[in-house]
Amino acid sequence: MYDVSAIRADFPILAREVNGKPLTYLDNGASAQKPRAVIEAVTRAYESEYANVHRGLHFLSNLATDKYEAVRGTIARFLGAKDEHEIVFTTGTTEGINLVSYGWAAPRLEAGDEIVLSVMEHHANIVPWHFLRERQGVVLKWVEPEPDGSLPAEKVIEAIGPRTRLVAVTHMSNVLGTVVDVAAICKAAREKGVATLVDGSQAAVHMPVDVEAIGADFYAITGHKLYGPSGSGAIHIRKSRMAEMRPFMGGGDMIREVGREAVSYTDPPMKFEAGTPGIVATIGLGAALDYMMTLGMENIAAHEARIRDYAREKLFGLNWLTVQGDAPGKGAIFSFTLQGAGHAHDISTVLDKRGVAVRAGHHCAQPLMEHLGVTATCRASFGLYNTEPEVDRLISALELCHDLFA
Ligand code: PLP
């Protein structure tokens, strides 16, 4: 049974008050809170198991290396990857996508080659492709979501043309909660010989992910949204694509030999992990994924579906609220504005006074904001520890906003 009260007790921060009110944390889309298992793993690593990894021939270095490297296997299990050597540690999705942009795309895309991406991408899955547009004349081809916020796979597939080299799409929108059928997109792209990158930053938090079934060449995740430390993350890269990539950053740990005239590199995945990594952050991410897998991703998804349905009914019941996007099967992420009154920032400030933490702004998705015809929204994004009474607190705080601003 999914015991949400027991789960909440695992997250010390959820017991605190904010502005004299119980914390109602609905900003999980930006970053999630950490369970005690993660906090303890990080503390233990620093208190008694810390040294630099890979280099030392001493006890603590070997211990830290074992703990750190074990996380590769944990991430592979979490993502359903068949080979842990296909997991590259990163500091988050932003680094993962930049690695693909610099390491795979930049050396092979030419002027006029196309990258297909959706209008609802996060800037992390836009700006690295703009670099290629600016520097190499690569063309960005945009696919618009439907009025309900859904992004049909066929629309993305239809956009693939003879010059398309890469399709880069999100698995779940961080603004609308829309879930995209990335498996269908990856299958069609593969049949056309086109590479695929999936931004799994949001999806991996809320649903079971199987990278083998999805079939993307690159699947990026970010640790801090997965209840792990900030500065942790990973990207799953298919072996055949790894072989095509040149390193993105150069430094220690990623070399075989360095001379005055030449350098040779170690094998992937470490070839793509230059310098001292985020040792403890990665160890913390391992603890976070173990925690999620113990709860069960199916169970987390089922709990969040209940919260989504409850929140959806309540939010759509407020006839003075505009909720953006209502795609079938969406995740528990709601973006909204108050009709004709109150900037998103003002609304979030009022909610904060009631202890309700939401995000306000463009959510690093300016092309989507433009598409929706808004400059900013408020976003309530739910996680594995949220409850129906917290939805009620959000609703009553919004009613207060309506009274203040209408
Ligand atoms: N992609 C999506 C869909 C996101 O929601 C985010 C974070 O907000 C990112 C990418 C960037 O992740 P990070 O900043 O952790 O690298």
# chains A, B, ... in the order shown; residues from 1 in each chain; ligands from 1

$ residues_near_ligand --ligand "ligand 1" --cutoff "8 Å" --atoms "only C-alpha atoms and all ligand atoms" --output "PyMOL selection string"
chain A and resi 29-31+91-96+121-125+170-175+199-202+221-225+230-231+233+363-364

$ select_by_dssp --residues "region 169-378 of chain A" --states "helix (DSSP H, G or I)" --output "PyMOL selection string"
chain A and resi 182-191+203-206+211-214+223-226+239-244+270-272+279-295+297-316+344-353+366-372

$ select_by_dssp --residues "region 218-247 of chain A" --states "strand (DSSP E)" --output "number ranges by chain"
A: 218-222, 233-237

$ closest_residue --among "A:Phe218, A:Phe11, A:Tyr68, A:Tyr2" --to "Gly278 (chain A)" --atoms "only C-alpha atoms"
A:Tyr68

$ residues_around --residues "Ala360 (chain A)" --least-positions-apart "4" --cutoff "6 Å" --atoms "only C-alpha atoms" --output "PyMOL selection string"
chain A and resi 344-345+377-378

$ write_last_selection --atoms "N, CA, C and O atoms" --output "short mmCIF file (atom, residue, chain, number, x, y, z; two decimals), in the first residue's frame"
data_model
loop_
_atom_site.label_atom_id
_atom_site.label_comp_id
_atom_site.auth_asym_id
_atom_site.auth_seq_id
_atom_site.Cartn_x
_atom_site.Cartn_y
_atom_site.Cartn_z
N ALA A 344 1.50 36.64 -12.60
CA ALA A 344 1.86 35.33 -12.02
C ALA A 344 2.72 35.51 -10.77
O ALA A 344 2.57 34.78 -9.78
N HIS A 345 3.63 36.51 -10.81
CA HIS A 345 4.50 36.72 -9.64
C HIS A 345 3.69 37.17 -8.42
O HIS A 345 3.98 36.75 -7.29
N THR A 377 3.24 32.19 -16.36
CA THR A 377 2.14 31.49 -15.69
C THR A 377 2.61 31.13 -14.28
O THR A 377 3.79 31.21 -13.96
N CYS A 378 1.63 30.74 -13.45
CA CYS A 378 1.95 30.09 -12.19
C CYS A 378 1.91 28.59 -12.46
O CYS A 378 1.07 28.12 -13.23
#

$ closest_atom_pairs --of "region 238-345 of chain A" --to "region 107-114 of chain A" --cutoff "12 Å" --atoms "only C-alpha atoms" --output "Markdown table"
| residue | atom | partner | partner_atom | distance |
| --- | --- | --- | --- | --- |
| A:Glu244 | CA | A:Arg108 | CA | 9.4 |
| A:Met245 | CA | A:Pro107 | CA | 8.3 |
| A:Arg246 | CA | A:Pro107 | CA | 8.0 |
| A:Pro247 | CA | A:Pro107 | CA | 10.7 |
| A:Phe248 | CA | A:Pro107 | CA | 10.8 |

$ atom_distance --atom1 "CA of Ala332 (chain A)" --atom2 "CA of Pro12 (chain A)"
22.7 Å

$ closest_residue --among "A:His85, A:Arg135, A:Arg190, A:His206" --to "Phe272 (chain A)" --atoms "only C-alpha atoms"
A:His85

$ closest_residue --among "A:Ile300, A:Ala234, A:Leu404, A:Leu63" --to "Glu273 (chain A)" --atoms "only C-alpha atoms"
A:Ala234

$ atom_distance --atom1 "CA of Arg72 (chain A)" --atom2 "CA of Val53 (chain A)"
13.9 Å

$ residues_around --residues "Ala32 (chain A)" --least-positions-apart "4" --cutoff "8 Å" --atoms "only C-alpha atoms" --output "PyMOL selection string"
chain A and resi 27-28+224-228+383

$ residues_around --residues "Gly329 (chain A)" --least-positions-apart "3" --cutoff "9 Å" --atoms "only C-alpha atoms" --output "PDB file with C-alpha atoms, in the first residue's frame"
ATOM      1  CA  GLY A 177       2.523  18.106 -17.995  1.00  0.00           C
ATOM      2  CA  THR A 178       1.891  16.699 -21.496  1.00  0.00           C
ATOM      3  CA  VAL A 179       3.355  13.224 -21.960  1.00  0.00           C
ATOM      4  CA  ALA A 305      -2.529  10.158 -11.148  1.00  0.00           C
ATOM      5  CA  ASP A 326      -5.303  19.433 -20.705  1.00  0.00           C
TER       6      ASP A 326
END

$ closest_residue --among "A:Asp10, A:Glu154, A:Glu49, A:Glu298" --to "Val180 (chain A)" --atoms "only C-alpha atoms"
A:Glu154

$ residues_around --residues "Gly250 (chain A)" --least-positions-apart "6" --cutoff "12 Å" --atoms "only C-alpha atoms" --output "list in words"
Leu99, Gly103, Arg256, Val258, Val263, Ser264, Tyr265, Thr266, Met270, Lys271, Phe272, Glu273, Ala274, Gly275 and Thr276 of chain A

$ atom_distance --atom1 "CA of Lys21 (chain A)" --atom2 "CA of Arg354 (chain A)"
6.0 Å

$ closest_residue --among "A:Met207, A:Ile75, A:Val182, A:Leu117" --to "Arg165 (chain A)" --atoms "only C-alpha atoms"
A:Leu117

$ residues_around --residues "Leu26 (chain A)" --least-positions-apart "2" --cutoff "8 Å" --atoms "only C-alpha atoms" --output "NGL selection string"
:A and (24 or 28 or 356-358 or 380-383 or 386)
